Amino acid sequence: MYARTALITVALLAAGLTACSSHGKQPAGSGTDTKQLNQPSSAPAAAPAVHLEWSHTGTFFNDPQVWYVARVKNPGSSVASVALDARALDKTGTIVGSSQNTLPNIPGGATFDYFGYVGGGGASDTKLTGTPAKIEISQAKDAFGQAGAVEQPMLKTSELKLAKGTEDTYTDAPLSYNLSVKVTNSTRDGLTGGVTQQVVLYDAAGHVVGGDTGSSDNVPDTLPAGMSYREQWTGIPALAKAVRAVYTVWSG
């Protein structure tokens, strides 16, 4: 999305991670009919809930761009695969730009803030055809069939450090932040297909004030399970003072 110097030093750190899982069985109650036990549950799986948490209409390389944060809650007990449709509208309600984005797998019971954008100049491939007034988001219906059908697990992040920066963000945002973070391949398998990552910035009250998204050129070509590397971002745009950052990285 923005011109970033994508993260400088790669440090593969051997870290033994143990994955464990448990499977519980529900005992049949006394006197329960066998036919009833064999019947599938009639209760449908709870669908993820999506709403627009925050948006900003500004510029990127002097062209209009809309940023947004979609808050997604997965009320189910298993991971969910979610795709979002985003539409930038002008003041007459006419669509002037759109995109569909695949989110990482969201664990059961978790809430995830997704940072996205539509429009912008430079190398952006989603330039708008008019002046945006607002953005609308919705969940793409049945985009992947069953929940968890798309394998894009989140990786473990730690040692995050956020600092005020001075770099030009090429946006209308008045503030800039830098970030460094350790990323660990917490999946069972090695990573070979690259990663996507994002950062969302929050103020002291917990409100979104900025963020960024993109693909890393710093992840090793092959990252075995349990090993780590470091990311460093510069020039993350913010509209107000940020005191906290949430960094998310996922395979794919």
# chains A, B, ... in the order shown; residues from 1 in each chain; ligands from 1

$ residues_around --residues "segment 113-130 of chain A" --least-positions-apart "2" --cutoff "6 Å" --atoms "only C-alpha atoms" --output "PyMOL selection string"
chain A and resi 60-61+63-71+96-97

$ write_last_selection --atoms "N, CA and C atoms" --output "CSV table (one decimal), in the first residue's frame"
chain,number,residue,atom,x,y,z
A,60,PHE,N,-3.3,9.3,-1.2
A,60,PHE,CA,-2.0,8.6,-1.3
A,60,PHE,C,-1.4,8.9,-2.6
A,61,PHE,N,-0.2,9.5,-2.6
A,61,PHE,CA,0.5,10.0,-3.7
A,61,PHE,C,-0.5,11.0,-4.5
A,63,ASP,N,-3.6,11.1,-4.9
A,63,ASP,CA,-4.9,10.6,-5.4
A,63,ASP,C,-5.7,10.2,-4.2
A,64,PRO,N,-7.1,10.3,-4.4
A,64,PRO,CA,-7.9,10.0,-3.3
A,64,PRO,C,-7.9,8.5,-2.9
A,65,GLN,N,-7.9,8.2,-1.6
A,65,GLN,CA,-7.9,6.9,-1.1
A,65,GLN,C,-8.7,6.8,0.2
A,66,VAL,N,-9.4,5.7,0.3
A,66,VAL,CA,-10.2,5.5,1.5
A,66,VAL,C,-9.6,4.3,2.3
A,67,TRP,N,-9.3,4.6,3.6
A,67,TRP,CA,-8.8,3.6,4.5
A,67,TRP,C,-10.0,3.1,5.4
A,68,TYR,N,-9.9,1.9,5.8
A,68,TYR,CA,-11.0,1.4,6.7
A,68,TYR,C,-10.5,0.2,7.5
A,69,VAL,N,-11.1,0.1,8.7
A,69,VAL,CA,-10.9,-1.1,9.5
A,69,VAL,C,-12.2,-1.8,9.7
A,70,ALA,N,-12.3,-3.0,9.3
A,70,ALA,CA,-13.4,-3.9,9.5
A,70,ALA,C,-13.2,-4.8,10.7
A,71,ARG,N,-14.1,-4.7,11.7
A,71,ARG,CA,-14.0,-5.6,12.8
A,71,ARG,C,-14.8,-6.8,12.6
A,96,VAL,N,-17.3,4.1,-6.9
A,96,VAL,CA,-16.2,4.7,-7.7
A,96,VAL,C,-14.9,3.8,-7.5
A,97,GLY,N,-15.0,2.8,-6.7
A,97,GLY,CA,-13.9,1.8,-6.5
A,97,GLY,C,-14.3,0.7,-5.6

$ select_by_dssp --residues "segment 43-234 of chain A" --states "strand (DSSP E or B)" --output "NGL selection string"
:A and (49-60 or 63-73 or 80 or 83-89 or 95-102 or 106 or 111-119 or 134-139 or 154 or 156-164 or 171 or 175-184 or 191 or 195-202 or 208-215 or 223 or 228-234)

$ residues_around --residues "segment 159-162 of chain A" --least-positions-apart "2" --cutoff "9 Å" --atoms "only C-alpha atoms" --output "count of residues only"
15

$ closest_residue --among "A:Leu223, A:Leu175, A:Thr184, A:Asp217" --to "Gly235 of chain A" --atoms "only C-alpha atoms"
A:Leu175

$ residues_around --residues "Ala140 of chain A" --least-positions-apart "4" --cutoff "7 Å" --atoms "only C-alpha atoms" --output "number ranges by chain"
A: 83-85

$ residues_around --residues "segment 186-193 of chain A" --least-positions-apart "4" --cutoff "7 Å" --atoms "only C-alpha atoms" --output "VMD selection string"
chain A and resid 155 to 156 221 to 226 252

$ write_last_selection --atoms "N, CA and C atoms" --output "PDB file, in the first residue's frame"
ATOM      1  N   LEU A 155       0.350 -16.062  12.214  1.00  0.00           N
ATOM      2  CA  LEU A 155       1.598 -16.464  12.857  1.00  0.00           C
ATOM      3  C   LEU A 155       1.741 -15.744  14.199  1.00  0.00           C
ATOM      4  N   LYS A 156       2.599 -16.277  15.040  1.00  0.00           N
ATOM      5  CA  LYS A 156       2.821 -15.675  16.349  1.00  0.00           C
ATOM      6  C   LYS A 156       3.715 -14.446  16.224  1.00  0.00           C
ATOM      7  N   ASP A 221      12.867 -17.267   2.277  1.00  0.00           N
ATOM      8  CA  ASP A 221      12.217 -18.076   1.242  1.00  0.00           C
ATOM      9  C   ASP A 221      11.600 -19.335   1.829  1.00  0.00           C
ATOM     10  N   THR A 222      12.267 -19.915   2.809  1.00  0.00           N
ATOM     11  CA  THR A 222      11.730 -21.067   3.528  1.00  0.00           C
ATOM     12  C   THR A 222      11.874 -20.806   5.017  1.00  0.00           C
ATOM     13  N   LEU A 223      10.762 -20.879   5.728  1.00  0.00           N
ATOM     14  CA  LEU A 223      10.774 -20.646   7.169  1.00  0.00           C
ATOM     15  C   LEU A 223      10.228 -21.884   7.863  1.00  0.00           C
ATOM     16  N   PRO A 224      11.119 -22.736   8.408  1.00  0.00           N
ATOM     17  CA  PRO A 224      10.656 -23.962   9.069  1.00  0.00           C
ATOM     18  C   PRO A 224       9.753 -23.663  10.259  1.00  0.00           C
ATOM     19  N   ALA A 225       8.931 -24.616  10.593  1.00  0.00           N
ATOM     20  CA  ALA A 225       8.065 -24.485  11.765  1.00  0.00           C
ATOM     21  C   ALA A 225       8.906 -24.234  13.009  1.00  0.00           C
ATOM     22  N   GLY A 226       8.481 -23.267  13.825  1.00  0.00           N
ATOM     23  CA  GLY A 226       9.179 -22.970  15.068  1.00  0.00           C
ATOM     24  C   GLY A 226      10.283 -21.956  14.950  1.00  0.00           C
ATOM     25  N   GLY A 252       0.289 -16.804   3.060  1.00  0.00           N
ATOM     26  CA  GLY A 252      -0.535 -16.623   1.870  1.00  0.00           C
ATOM     27  C   GLY A 252      -0.498 -15.223   1.340  1.00  0.00           C
TER      28      GLY A 252
END

$ atom_distance --atom1 "atom CA of Ser228 of chain A" --atom2 "atom CA of Asn185 of chain A"
6.2 Å

$ residues_around --residues "Ser78 of chain A" --least-positions-apart "2" --cutoff "7 Å" --atoms "only C-alpha atoms" --output "PyMOL selection string"
chain A and resi 76+80+107-108

$ closest_residue --among "A:Gly109, A:Ser77, A:Gly214, A:Thr94" --to "Pro132 of chain A" --atoms "only C-alpha atoms"
A:Thr94

$ closest_residue --among "A:Ile95, A:Ala46, A:Leu103, A:Val249" --to "Met154 of chain A" --atoms "only C-alpha atoms"
A:Val249

$ closest_residue --among "A:Ala238, A:Tyr229, A:Lys91, A:Pro153" --to "Thr169 of chain A" --atoms "only C-alpha atoms"
A:Ala238
